[in-house]
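Novice: CSV, C-alpha atoms and all ligand atoms, saved as final-v8.csv, coming up:
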chain,number,residue,atom,x,y,z
A,1,MET,CA,-25.2,6.0,13.1
A,2,ASN,CA,-23.4,3.6,15.4
A,3,ILE,CA,-25.7,0.9,16.8
A,4,LYS,CA,-23.9,-1.8,18.7
A,5,THR,CA,-25.0,-5.4,18.3
A,6,SER,CA,-26.2,-7.2,21.3
A,7,ASP,CA,-23.8,-8.9,23.8
A,8,ARG,CA,-25.4,-12.3,22.9
A,9,LEU,CA,-23.8,-12.0,19.5
A,10,ALA,CA,-20.3,-11.6,20.9
A,11,GLY,CA,-18.2,-14.4,19.5
A,12,ILE,CA,-20.9,-15.4,17.0
A,13,ASN,CA,-19.7,-14.9,13.4
A,14,GLU,CA,-21.5,-15.3,10.1
A,15,TYR,CA,-21.9,-19.0,9.3
A,16,TYR,CA,-18.8,-20.5,7.6
A,17,PHE,CA,-20.6,-21.5,4.5
A,18,SER,CA,-22.3,-18.2,4.2
A,19,GLN,CA,-18.9,-16.5,4.0
A,20,LYS,CA,-17.3,-19.2,1.9
A,21,LEU,CA,-20.1,-19.1,-0.7
A,22,ARG,CA,-19.5,-15.4,-1.1
A,23,GLU,CA,-15.8,-16.0,-1.8
A,24,ILE,CA,-16.7,-18.8,-4.3
A,25,GLU,CA,-19.2,-16.4,-6.0
A,26,ALA,CA,-16.4,-13.8,-6.4
A,27,LEU,CA,-14.0,-16.4,-7.8
A,28,ASN,CA,-16.8,-17.5,-10.3
A,29,LYS,CA,-17.2,-13.9,-11.3
A,30,GLU,CA,-13.5,-13.9,-12.2
A,31,GLY,CA,-14.3,-16.9,-14.5
A,32,LYS,CA,-13.0,-19.6,-12.2
A,33,ASN,CA,-16.1,-21.9,-12.5
A,34,ILE,CA,-15.5,-23.5,-9.1
A,35,ILE,CA,-16.8,-27.1,-8.6
A,36,ASN,CA,-18.4,-26.9,-5.1
A,37,LEU,CA,-18.1,-30.2,-3.2
A,38,GLY,CA,-18.7,-28.4,0.0
A,39,ILE,CA,-22.2,-28.0,1.1
A,40,GLY,CA,-24.8,-30.8,1.7
A,41,SER,CA,-27.7,-29.4,-0.3
A,42,PRO,CA,-29.2,-32.1,-2.5
A,43,ASP,CA,-29.0,-31.2,-6.2
A,44,LEU,CA,-31.7,-33.7,-7.1
A,45,PRO,CA,-35.5,-32.8,-7.0
A,46,PRO,CA,-38.1,-34.3,-4.7
A,47,HIS,CA,-40.4,-37.0,-6.2
A,48,SER,CA,-42.7,-35.7,-8.9
A,49,SER,CA,-45.8,-36.7,-6.9
A,50,VAL,CA,-44.6,-34.3,-4.1
A,51,ILE,CA,-44.3,-31.4,-6.5
A,52,LYS,CA,-47.7,-32.2,-7.9
A,53,VAL,CA,-49.3,-32.0,-4.4
A,54,LEU,CA,-47.7,-28.6,-3.9
A,55,GLN,CA,-49.0,-27.3,-7.3
A,56,GLN,CA,-52.5,-28.6,-6.8
A,57,GLU,CA,-52.8,-27.4,-3.3
A,58,ALA,CA,-51.4,-24.0,-4.1
A,59,GLU,CA,-54.0,-23.5,-6.8
A,60,LYS,CA,-56.8,-23.8,-4.4
A,61,ASN,CA,-58.5,-20.7,-2.8
A,62,ASN,CA,-58.5,-22.0,0.7
A,63,THR,CA,-54.9,-23.0,1.4
A,64,HIS,CA,-53.4,-19.6,1.9
A,65,ALA,CA,-54.3,-18.6,5.4
A,66,TYR,CA,-52.2,-18.8,8.6
A,67,GLN,CA,-51.9,-22.4,9.7
A,68,SER,CA,-51.9,-24.0,13.2
A,69,TYR,CA,-48.8,-23.4,15.2
A,70,LYS,CA,-48.4,-27.1,15.8
A,71,GLY,CA,-48.7,-28.1,12.1
A,72,SER,CA,-51.4,-29.7,10.0
A,73,PRO,CA,-52.8,-33.0,11.5
A,74,ILE,CA,-52.2,-34.5,8.0
A,75,LEU,CA,-48.5,-33.8,8.3
A,76,ARG,CA,-48.3,-35.0,11.9
A,77,ASN,CA,-50.0,-38.2,11.1
A,78,ALA,CA,-47.6,-38.7,8.1
A,79,VAL,CA,-44.7,-38.3,10.5
A,80,ALA,CA,-46.2,-40.8,13.0
A,81,ASN,CA,-46.6,-43.3,10.2
A,82,TRP,CA,-43.1,-42.7,8.9
A,83,TYR,CA,-41.6,-43.2,12.3
A,84,ASN,CA,-43.6,-46.4,12.8
A,85,THR,CA,-42.7,-47.8,9.4
A,86,TRP,CA,-39.0,-47.0,9.3
A,87,TYR,CA,-37.9,-46.7,12.9
A,88,ASN,CA,-40.4,-48.9,14.6
A,89,VAL,CA,-41.2,-46.0,17.0
A,90,THR,CA,-44.8,-45.2,18.1
A,91,LEU,CA,-45.6,-41.5,18.4
A,92,ASN,CA,-48.9,-39.9,19.2
A,93,ALA,CA,-49.6,-37.7,16.2
A,94,ASP,CA,-51.5,-35.1,18.3
A,95,THR,CA,-49.0,-34.7,21.2
A,96,GLU,CA,-45.6,-36.0,20.4
A,97,ILE,CA,-44.8,-34.4,17.0
A,98,LEU,CA,-44.0,-30.8,16.3
A,99,PRO,CA,-43.3,-29.8,12.6
A,100,LEU,CA,-40.5,-27.3,12.1
A,101,ILE,CA,-39.4,-24.9,9.5
A,102,GLY,CA,-36.3,-27.1,9.0
A,103,SER,CA,-34.5,-28.9,11.8
A,104,LYS,CA,-31.9,-26.1,12.2
A,105,GLU,CA,-34.5,-23.9,13.7
A,106,GLY,CA,-35.4,-26.7,16.2
A,107,ILE,CA,-31.9,-26.6,17.6
A,108,MET,CA,-32.3,-22.9,18.4
A,109,HIS,CA,-35.8,-23.3,19.8
A,110,ILE,CA,-34.7,-26.1,22.1
A,111,CYS,CA,-31.8,-23.9,23.4
A,112,MET,CA,-34.1,-20.9,23.9
A,113,THR,CA,-36.7,-23.1,25.7
A,114,TYR,CA,-34.4,-24.7,28.2
A,115,LEU,CA,-31.2,-22.7,28.7
A,116,ASN,CA,-30.7,-20.0,31.3
A,117,ASP,CA,-27.6,-17.8,31.4
A,118,GLY,CA,-24.7,-20.0,32.5
A,119,ASP,CA,-26.4,-23.3,31.9
A,120,GLU,CA,-24.3,-25.8,30.1
A,121,ALA,CA,-24.8,-28.0,27.0
A,122,LEU,CA,-22.6,-30.9,25.9
A,123,ILE,CA,-21.8,-30.6,22.2
A,124,PRO,CA,-19.8,-33.0,20.0
A,125,ASN,CA,-16.3,-32.1,18.7
A,126,PRO,CA,-16.3,-32.5,15.7
A,127,GLY,CA,-20.0,-31.6,15.2
A,128,TYR,CA,-22.5,-29.5,13.3
A,129,PRO,CA,-21.5,-25.9,14.1
A,130,THR,CA,-25.1,-24.7,14.8
A,131,TYR,CA,-25.2,-26.5,18.2
A,132,LYS,CA,-22.5,-24.1,19.4
A,133,SER,CA,-24.0,-21.0,18.0
A,134,ALA,CA,-27.5,-21.8,19.3
A,135,VAL,CA,-26.3,-22.6,22.8
A,136,THR,CA,-24.2,-19.5,22.9
A,137,ILE,CA,-27.0,-17.2,21.6
A,138,ALA,CA,-29.4,-18.6,24.1
A,139,GLY,CA,-26.9,-17.6,26.9
A,140,GLY,CA,-25.6,-21.1,27.6
A,141,ASN,CA,-22.1,-22.4,27.7
A,142,CYS,CA,-20.8,-25.2,25.6
A,143,ILE,CA,-18.9,-28.1,27.0
A,144,ASN,CA,-17.2,-30.0,24.1
A,145,TYR,CA,-17.1,-33.7,24.3
A,146,ASP,CA,-14.4,-35.3,22.2
A,147,LEU,CA,-15.1,-37.8,19.4
A,148,SER,CA,-12.2,-39.6,17.9
A,149,GLU,CA,-11.6,-42.1,15.2
A,150,GLN,CA,-10.1,-44.5,17.9
A,151,ASN,CA,-13.5,-44.4,19.7
A,152,ASN,CA,-15.5,-44.8,16.5
A,153,TRP,CA,-16.6,-41.2,16.8
A,154,GLN,CA,-18.7,-42.1,19.8
A,155,PRO,CA,-18.8,-40.4,23.2
A,156,ASN,CA,-16.3,-41.7,25.7
A,157,PHE,CA,-18.6,-42.3,28.7
A,158,ASP,CA,-15.6,-42.9,31.1
A,159,VAL,CA,-14.3,-39.4,30.4
A,160,LEU,CA,-17.8,-37.9,30.5
A,161,SER,CA,-18.6,-39.5,33.9
A,162,LYS,CA,-15.5,-37.8,35.3
A,163,THR,CA,-16.6,-34.4,34.0
A,164,ASP,CA,-18.4,-31.9,36.3
A,165,LEU,CA,-21.9,-32.2,34.9
A,166,SER,CA,-23.6,-30.2,37.6
A,167,LYS,CA,-24.6,-27.3,35.3
A,168,VAL,CA,-25.2,-29.5,32.2
A,169,LYS,CA,-28.9,-29.4,31.1
A,170,LEU,CA,-28.7,-30.4,27.4
A,171,MET,CA,-26.6,-32.8,25.3
A,172,PHE,CA,-26.6,-32.8,21.5
A,173,VAL,CA,-25.9,-36.0,19.8
A,174,ASN,CA,-26.1,-36.7,16.1
A,175,TYR,CA,-26.1,-40.3,14.7
A,176,PRO,CA,-25.6,-41.0,11.9
A,177,HIS,CA,-22.9,-38.4,12.7
A,178,MET,CA,-22.1,-35.4,10.5
A,179,PRO,CA,-19.3,-34.8,9.5
A,180,THR,CA,-17.8,-38.3,10.1
A,181,GLY,CA,-20.6,-40.5,8.7
A,182,GLN,CA,-20.4,-42.7,11.8
A,183,LEU,CA,-23.5,-44.9,12.3
A,184,PRO,CA,-25.1,-45.5,15.7
A,185,THR,CA,-23.3,-48.8,16.4
A,186,ASN,CA,-22.3,-50.6,19.7
A,187,ASN,CA,-25.6,-49.7,21.4
A,188,VAL,CA,-24.6,-46.1,21.5
A,189,PHE,CA,-28.2,-44.9,21.8
A,190,GLU,CA,-28.8,-47.1,24.8
A,191,LYS,CA,-25.6,-45.8,26.4
A,192,ILE,CA,-26.5,-42.2,25.8
A,193,ILE,CA,-30.0,-42.7,27.3
A,194,SER,CA,-28.6,-44.3,30.4
A,195,PHE,CA,-26.0,-41.5,30.8
A,196,ALA,CA,-28.8,-38.9,30.4
A,197,LYS,CA,-31.0,-40.6,32.9
A,198,ALA,CA,-28.2,-40.9,35.4
A,199,ASN,CA,-27.3,-37.3,35.1
A,200,ASN,CA,-30.6,-35.6,34.5
A,201,ILE,CA,-29.7,-34.3,31.1
A,202,LEU,CA,-32.1,-33.7,28.2
A,203,VAL,CA,-30.6,-35.4,25.1
A,204,ILE,CA,-31.3,-34.2,21.5
A,205,ASN,CA,-30.5,-36.6,18.7
A,206,ASP,CA,-30.3,-34.6,15.5
A,207,ASN,CA,-31.1,-37.3,12.9
A,208,PRO,CA,-31.3,-35.9,9.3
A,209,TYR,CA,-29.1,-38.5,7.6
A,210,SER,CA,-30.5,-41.9,8.7
A,211,PHE,CA,-31.7,-42.8,5.2
A,212,ILE,CA,-28.7,-41.8,3.2
A,213,LEU,CA,-26.4,-44.7,2.3
A,214,ASN,CA,-27.7,-46.6,5.3
A,215,GLU,CA,-29.7,-49.8,5.1
A,216,LYS,CA,-31.2,-49.5,8.5
A,217,PRO,CA,-32.5,-46.1,9.7
A,218,GLN,CA,-32.4,-45.8,13.5
A,219,SER,CA,-34.0,-43.5,16.0
A,220,ILE,CA,-32.9,-42.8,19.5
A,221,LEU,CA,-36.6,-42.9,20.4
A,222,SER,CA,-36.6,-46.7,19.8
A,223,VAL,CA,-34.7,-47.2,23.0
A,224,ASP,CA,-37.0,-48.2,25.9
A,225,GLY,CA,-37.9,-45.2,28.1
A,226,ALA,CA,-36.1,-42.8,25.7
A,227,LYS,CA,-38.9,-40.3,25.6
A,228,ASP,CA,-38.3,-39.5,29.3
A,229,VAL,CA,-35.0,-37.9,28.5
A,230,ALA,CA,-34.7,-37.5,24.7
A,231,ILE,CA,-36.0,-35.4,21.8
A,232,GLU,CA,-35.3,-36.3,18.2
A,233,LEU,CA,-35.0,-33.8,15.4
A,234,ASN,CA,-35.6,-35.0,11.9
A,235,SER,CA,-35.6,-33.4,8.5
A,236,LEU,CA,-36.9,-33.8,4.9
A,237,SER,CA,-34.0,-31.7,3.6
A,238,LYS,CA,-31.7,-34.6,2.8
A,239,SER,CA,-33.7,-37.9,2.4
A,240,GLN,CA,-36.6,-36.3,0.5
A,241,ASN,CA,-34.4,-33.8,-1.5
A,242,MET,CA,-36.4,-30.9,0.0
A,243,ALA,CA,-33.7,-28.7,1.6
A,244,GLY,CA,-35.0,-25.5,0.2
A,245,TRP,CA,-38.6,-26.2,1.3
A,246,ARG,CA,-37.6,-26.0,5.0
A,247,ILE,CA,-39.4,-28.9,6.6
A,248,GLY,CA,-38.2,-30.6,9.7
A,249,VAL,CA,-39.8,-32.1,12.7
A,250,MET,CA,-39.3,-32.5,16.5
A,251,CYS,CA,-40.5,-35.7,18.2
A,252,GLY,CA,-40.6,-36.6,21.9
A,253,ALA,CA,-42.7,-36.5,25.0
A,254,LYS,CA,-45.9,-34.3,25.0
A,255,GLU,CA,-44.4,-32.1,27.8
A,256,ARG,CA,-41.3,-31.3,25.7
A,257,MET,CA,-43.3,-30.5,22.6
A,258,GLU,CA,-45.5,-28.1,24.7
A,259,ASP,CA,-42.4,-26.5,26.3
A,260,VAL,CA,-40.8,-25.8,22.9
A,261,LEU,CA,-44.2,-24.6,21.4
A,262,ARG,CA,-44.3,-21.9,24.1
A,263,PHE,CA,-41.2,-20.4,22.5
A,264,LYS,CA,-41.8,-21.3,18.9
A,265,SER,CA,-45.3,-20.0,18.7
A,266,ASN,CA,-43.9,-16.6,19.5
A,267,MET,CA,-41.4,-16.8,16.7
A,268,ASP,CA,-43.3,-17.9,13.6
A,269,SER,CA,-46.9,-18.4,12.5
A,270,GLY,CA,-47.0,-21.8,11.0
A,271,MET,CA,-46.0,-23.2,7.6
A,272,PHE,CA,-47.7,-22.8,4.2
A,273,LEU,CA,-50.3,-25.6,4.0
A,274,PRO,CA,-49.4,-26.8,0.5
A,275,VAL,CA,-45.8,-27.3,1.7
A,276,GLN,CA,-47.0,-29.4,4.7
A,277,LEU,CA,-49.3,-31.5,2.5
A,278,ALA,CA,-46.5,-32.1,0.0
A,279,ALA,CA,-44.2,-33.0,2.9
A,280,ALA,CA,-46.8,-35.6,4.0
A,281,LYS,CA,-46.8,-37.1,0.5
A,282,ALA,CA,-43.0,-37.2,0.6
A,283,LEU,CA,-43.0,-39.1,3.9
A,284,SER,CA,-45.3,-41.8,2.3
A,285,LEU,CA,-42.8,-42.7,-0.4
A,286,GLY,CA,-41.7,-46.3,-0.3
A,287,LYS,CA,-38.4,-48.2,-0.3
A,288,ASP,CA,-38.0,-47.5,-4.1
A,289,TRP,CA,-37.5,-43.8,-3.4
A,290,TYR,CA,-34.7,-44.3,-0.9
A,291,ASP,CA,-33.1,-47.1,-3.0
A,292,GLY,CA,-33.2,-44.7,-6.0
A,293,ILE,CA,-31.4,-41.8,-4.4
A,294,ASN,CA,-29.0,-44.1,-2.6
A,295,LYS,CA,-28.0,-45.7,-5.9
A,296,ILE,CA,-27.0,-42.3,-7.2
A,297,TYR,CA,-25.1,-41.4,-4.0
A,298,ALA,CA,-23.3,-44.7,-4.0
A,299,GLU,CA,-22.0,-44.0,-7.5
A,300,ARG,CA,-20.9,-40.6,-6.5
A,301,LYS,CA,-19.2,-41.9,-3.4
A,302,GLN,CA,-17.0,-44.1,-5.5
A,303,ARG,CA,-15.8,-41.0,-7.4
A,304,ALA,CA,-15.3,-39.2,-4.1
A,305,PHE,CA,-13.0,-42.0,-3.0
A,306,ASP,CA,-11.1,-41.7,-6.3
A,307,LEU,CA,-10.7,-38.0,-5.7
A,308,LEU,CA,-9.5,-38.5,-2.1
A,309,ASP,CA,-7.0,-41.2,-3.3
A,310,LEU,CA,-5.5,-38.6,-5.6
A,311,LEU,CA,-5.0,-36.3,-2.6
A,312,HIS,CA,-3.5,-39.2,-0.5
A,313,CYS,CA,-6.3,-39.0,2.0
A,314,THR,CA,-7.6,-42.1,3.9
A,315,TYR,CA,-11.2,-42.9,4.8
A,316,ASP,CA,-13.5,-45.4,6.2
A,317,LYS,CA,-15.6,-47.0,3.4
A,318,THR,CA,-18.5,-48.0,5.7
A,319,GLN,CA,-19.4,-44.4,6.6
A,320,ALA,CA,-23.1,-43.3,6.0
A,321,GLY,CA,-24.7,-40.0,5.0
A,322,MET,CA,-24.2,-37.7,2.1
A,323,PHE,CA,-20.6,-36.8,2.8
A,324,VAL,CA,-17.2,-38.5,2.8
A,325,TRP,CA,-15.0,-37.7,5.7
A,326,ALA,CA,-11.3,-38.3,5.1
A,327,LYS,CA,-8.0,-38.0,7.0
A,328,ILE,CA,-5.5,-35.8,5.2
A,329,ASP,CA,-2.0,-36.7,4.3
A,330,SER,CA,0.7,-35.5,6.8
A,331,SER,CA,2.3,-33.4,4.1
A,332,PHE,CA,-0.5,-30.9,4.7
A,333,GLU,CA,-0.5,-28.9,8.0
A,334,ASP,CA,-4.3,-29.2,8.4
A,335,GLY,CA,-7.6,-29.5,6.4
A,336,TYR,CA,-7.8,-25.8,5.9
A,337,LYS,CA,-4.4,-25.9,4.0
A,338,LEU,CA,-5.5,-28.8,1.9
A,339,SER,CA,-8.9,-27.1,1.1
A,340,ASP,CA,-7.2,-23.8,0.1
A,341,ASP,CA,-4.6,-25.6,-2.0
A,342,VAL,CA,-7.3,-27.5,-4.0
A,343,LEU,CA,-9.5,-24.4,-4.2
A,344,TYR,CA,-6.8,-22.0,-5.5
A,345,LYS,CA,-4.9,-24.5,-7.7
A,346,SER,CA,-7.7,-26.6,-9.1
A,347,ASN,CA,-10.9,-24.6,-8.6
A,348,VAL,CA,-12.5,-27.3,-6.5
A,349,PHE,CA,-14.0,-26.6,-3.1
A,350,ILE,CA,-13.9,-29.2,-0.4
A,351,THR,CA,-14.7,-28.5,3.3
A,352,PRO,CA,-11.9,-28.3,5.8
A,353,GLY,CA,-12.8,-30.6,8.8
A,354,GLY,CA,-11.7,-27.9,11.3
A,355,ILE,CA,-14.9,-25.9,10.8
A,356,PHE,CA,-16.6,-28.7,12.8
A,357,GLY,CA,-14.3,-28.4,15.8
A,358,SER,CA,-10.6,-28.9,16.6
A,359,ASN,CA,-10.9,-32.7,16.4
A,360,GLY,CA,-11.7,-32.2,12.7
A,361,ASN,CA,-8.5,-30.3,12.0
A,362,GLY,CA,-6.7,-33.2,10.3
A,363,TYR,CA,-9.6,-34.0,8.0
A,364,VAL,CA,-11.7,-32.8,5.0
A,365,ARG,CA,-15.3,-33.5,4.1
A,366,LEU,CA,-16.6,-34.0,0.6
A,367,SER,CA,-20.3,-33.6,-0.2
A,368,LEU,CA,-22.0,-36.1,-2.5
A,369,CYS,CA,-24.4,-33.4,-3.8
A,370,ALA,CA,-22.7,-33.1,-7.2
A,371,THR,CA,-23.0,-35.2,-10.3
A,372,VAL,CA,-20.6,-38.0,-11.3
A,373,GLU,CA,-19.6,-35.7,-14.3
A,374,LYS,CA,-18.7,-32.9,-11.8
A,375,PHE,CA,-16.6,-35.4,-9.7
A,376,GLU,CA,-14.9,-36.5,-12.9
A,377,GLU,CA,-14.1,-32.9,-13.9
A,378,ALA,CA,-12.8,-32.2,-10.4
A,379,ILE,CA,-10.6,-35.3,-10.5
A,380,LEU,CA,-9.2,-34.1,-13.9
A,381,ARG,CA,-8.5,-30.6,-12.6
A,382,ILE,CA,-6.7,-32.0,-9.5
A,383,LYS,CA,-4.7,-34.4,-11.7
A,384,ILE,CA,-3.3,-31.7,-13.9
A,385,ASN,CA,-2.5,-29.2,-11.2
A,401,LIG,C1,-26.2,-32.4,11.4
A,401,LIG,C2,-27.2,-31.5,10.8
A,401,LIG,N1,-28.3,-31.2,11.5
A,401,LIG,C3,-29.2,-30.3,11.0
A,401,LIG,C4,-29.1,-29.8,9.7
A,401,LIG,C5,-30.1,-28.8,9.3
A,401,LIG,O1,-31.1,-29.4,8.4
A,401,LIG,P1,-32.4,-28.6,8.0
A,401,LIG,O2,-32.3,-28.4,6.6
A,401,LIG,O3,-33.5,-29.6,8.4
A,401,LIG,O4,-32.5,-27.4,8.8
A,401,LIG,C6,-28.0,-30.1,8.9
A,401,LIG,C7,-27.8,-29.5,7.6
A,401,LIG,O5,-26.8,-29.5,7.0
A,401,LIG,C8,-27.0,-31.0,9.5
A,401,LIG,O6,-25.9,-31.4,8.8
Would you mind writing the structure in this file as structure tokens?
Specialist:
Amino acid sequence: MNIKTSDRLAGINEYYFSQKLREIEALNKEGKNIINLGIGSPDLPPHSSVIKVLQQEAEKNNTHAYQSYKGSPILRNAVANWYNTWYNVTLNADTEILPLIGSKEGIMHICMTYLNDGDEALIPNPGYPTYKSAVTIAGGNCINYDLSEQNNWQPNFDVLSKTDLSKVKLMFVNYPHMPTGQLPTNNVFEKIISFAKANNILVINDNPYSFILNEKPQSILSVDGAKDVAIELNSLSKSQNMAGWRIGVMCGAKERMEDVLRFKSNMDSGMFLPVQLAAAKALSLGKDWYDGINKIYAERKQRAFDLLDLLHCTYDKTQAGMFVWAKIDSSFEDGYKLSDDVLYKSNVFITPGGIFGSNGNGYVRLSLCATVEKFEEAILRIKIN
């Protein structure tokens, strides 16, 4: 039988990591024992009290039914308190918070909610590849905006203001930025909000990394009047070590949450209540929790620097988040070449920066989701090959 896939999938390929993990699995079957420093999936568990809530709630008889499309009020209140405590942002727990099955799905929901065929969305180059796929699948067109080391990986508003923005409806931003680790410095959030207001663009700040190796978590919603033009996506995947649990959240004006719910409530039927209650517990954790995980990431980061030194890469030591972004040595054509070289010679996988867009071609990204012992073994393997 020959059934053609839909036109909307034209140009959409399987996610890079989905393919690469298959190749790594095949290499492992050949006995290669690849050290994977690619993907940003925390290897550490959530806090034990979070797991306890899941266990206790799952044992009850009355926690197994479908749940509200807009999430449990307990989780929404926990998100509101979390935003208040850490970002100094006030959110109405009833109307301005929409729990998600991971923030990745929120990106798709927003695109499906707001984009018509031919509408345009500004996406960062380099940036998280899902923005491009979600915009394209929804029928929109991507307009890349360049980020560069010279501009501290922040949008160049002079260039943007000279761009034809007449069809642009959405702009994705992501600070702290993945893959570069750039923090939202130089009032970048204020500048983004003024730009969005001046051009009638809805901004989405994708914010899963603000607690990782960063002393001062920031939200775009802390800018005066931000809710008029901005939505923020957040996640428990990284800072609460709950990537596999699939818990994210969308925050912003009541009207936006209602718009997105019109789409989302036709896609899923809520989240398992014990997961939501455990997520609420995770959001109540104090500074000790974040200090504890950051101590571990800081140690690993030092090893990542050592590994990158061996490969003659250069990097900014002040970058935040759970990756290290590094410029490759000119003896390599691009990050793909360096990544392949290290994979096939030393059985260590590091991510080529080019998968995040053409401006990432001269870079590689190392994940900190591997133990110090793994980093040391990787360093040894690279040294002897
Ligand atoms: C920039 C960025 N946004 C969103 C996500 C998705 O996170 P979640 O697990 O909440 O779907 C990731 C995950 O790697 C990411 O790097």
Novice: Taking only C-alpha atoms and all ligand atoms into account, report as an NGL selection string which residues have an atom no farther than 7 Å from an atom of ligand LIG 401 (chain A).
Specialist: :A and (40 or 102-105 or 128 or 174 or 177-178 or 206-208 or 234-237 or 243 or 246-248)
Novice: Mind writing the picked residues with C-alpha atoms as a PDB file, keeping the file's coordinate frame?
Specialist:
ATOM      1  CA  GLY A  40     -24.800 -30.800   1.700  1.00  0.00           C
ATOM      2  CA  GLY A 102     -36.300 -27.100   9.000  1.00  0.00           C
ATOM      3  CA  SER A 103     -34.500 -28.900  11.800  1.00  0.00           C
ATOM      4  CA  LYS A 104     -31.900 -26.100  12.200  1.00  0.00           C
ATOM      5  CA  GLU A 105     -34.500 -23.900  13.700  1.00  0.00           C
ATOM      6  CA  TYR A 128     -22.500 -29.500  13.300  1.00  0.00           C
ATOM      7  CA  ASN A 174     -26.100 -36.700  16.100  1.00  0.00           C
ATOM      8  CA  HIS A 177     -22.900 -38.400  12.700  1.00  0.00           C
ATOM      9  CA  MET A 178     -22.100 -35.400  10.500  1.00  0.00           C
ATOM     10  CA  ASP A 206     -30.300 -34.600  15.500  1.00  0.00           C
ATOM     11  CA  ASN A 207     -31.100 -37.300  12.900  1.00  0.00           C
ATOM     12  CA  PRO A 208     -31.300 -35.900   9.300  1.00  0.00           C
ATOM     13  CA  ASN A 234     -35.600 -35.000  11.900  1.00  0.00           C
ATOM     14  CA  SER A 235     -35.600 -33.400   8.500  1.00  0.00           C
ATOM     15  CA  LEU A 236     -36.900 -33.800   4.900  1.00  0.00           C
ATOM     16  CA  SER A 237     -34.000 -31.700   3.600  1.00  0.00           C
ATOM     17  CA  ALA A 243     -33.700 -28.700   1.600  1.00  0.00           C
ATOM     18  CA  ARG A 246     -37.600 -26.000   5.000  1.00  0.00           C
ATOM     19  CA  ILE A 247     -39.400 -28.900   6.600  1.00  0.00           C
ATOM     20  CA  GLY A 248     -38.200 -30.600   9.700  1.00  0.00           C
TER      21      GLY A 248
END
Novice: Report the distance between CA of Ser222 (chain A) and CA of Leu100 (chain A) in Å, rounded to one decimal place.
Specialist: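 Going from CA of Ser222 (chain A) over to CA of Leu100 (chain A), I get 21.2 Å.
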Novice: Can you list, as a VMD selection string, every protein, DNA or RNA residue that comes within 12 Å of Asp340 (chain A) when you count all atoms listed in the file, leaving out same-chain residues fewer than 5 positions away?
Specialist: chain A and resid 20 23 to 24 332 to 335 345 to 352 364
Novice: Just give me the gap between CA of Trp86 (chain A) and CA of Ser219 (chain A) in Å, one decimal is fine.
Specialist: 9.1 Å
Novice: Could you state the separation of CA of Arg8 (chain A) and CA of Asn116 (chain A) in Å, given to one decimal place?
Specialist: 12.6 Å
Novice: For a quick check of understanding, using all atoms listed in the file, which of A:Ile12, A:Ala226, A:Val53, A:Leu27 has the smallest distance to Ala138 (chain A)?
Specialist: A:Ile12
Novice: For Thr136 (chain A), find every residue with an atom within 12 Å (counting only C-alpha atoms), except residues of its own chain fewer than 2 positions away, and show them as a ChimeraX atom specification.
Specialist: /A:7-13,107-108,111-112,115-123,129-134,138-143
Novice: Which is closer to Ile204 (chain A) than all the others in A:Ile110, A:Met242, A:Ile293, A:Ala278, using all atoms listed in the file?
Specialist: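 For Ile204 (chain A), the nearest of the given residues is A:Ile110.
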Novice: Scan for residues within 10 Å of the point (-13.5, -30.0, -12.2) in the coordinates of the file, using only C-alpha atoms, and reply as a list in words.
Specialist: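 Output of the proximity query reads Asn33, Ile34, Ile35, Asn36, Ser346, Asn347, Val348, Phe349, Glu373, Lys374, Phe375, Glu376, Glu377, Ala378, Ile379, Leu380, Arg381, Ile382 and Lys383 of chain A.
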Novice: Kindly indicate which residue among A:Ser68, A:Asn241, A:Asn88, A:Gln56 lies nearest to Lys216 (chain A), using all atoms listed in the file for the distances.
Specialist: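 The closest residue to Lys216 (chain A) is A:Asn88.
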Novice: Looking at all atoms listed in the file, which of A:Val188, A:Leu183, A:Leu44, A:Leu310 is the one that sits closest to Phe211 (chain A)?
Specialist: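 For Phe211 (chain A), the nearest of the candidates is A:Leu183.
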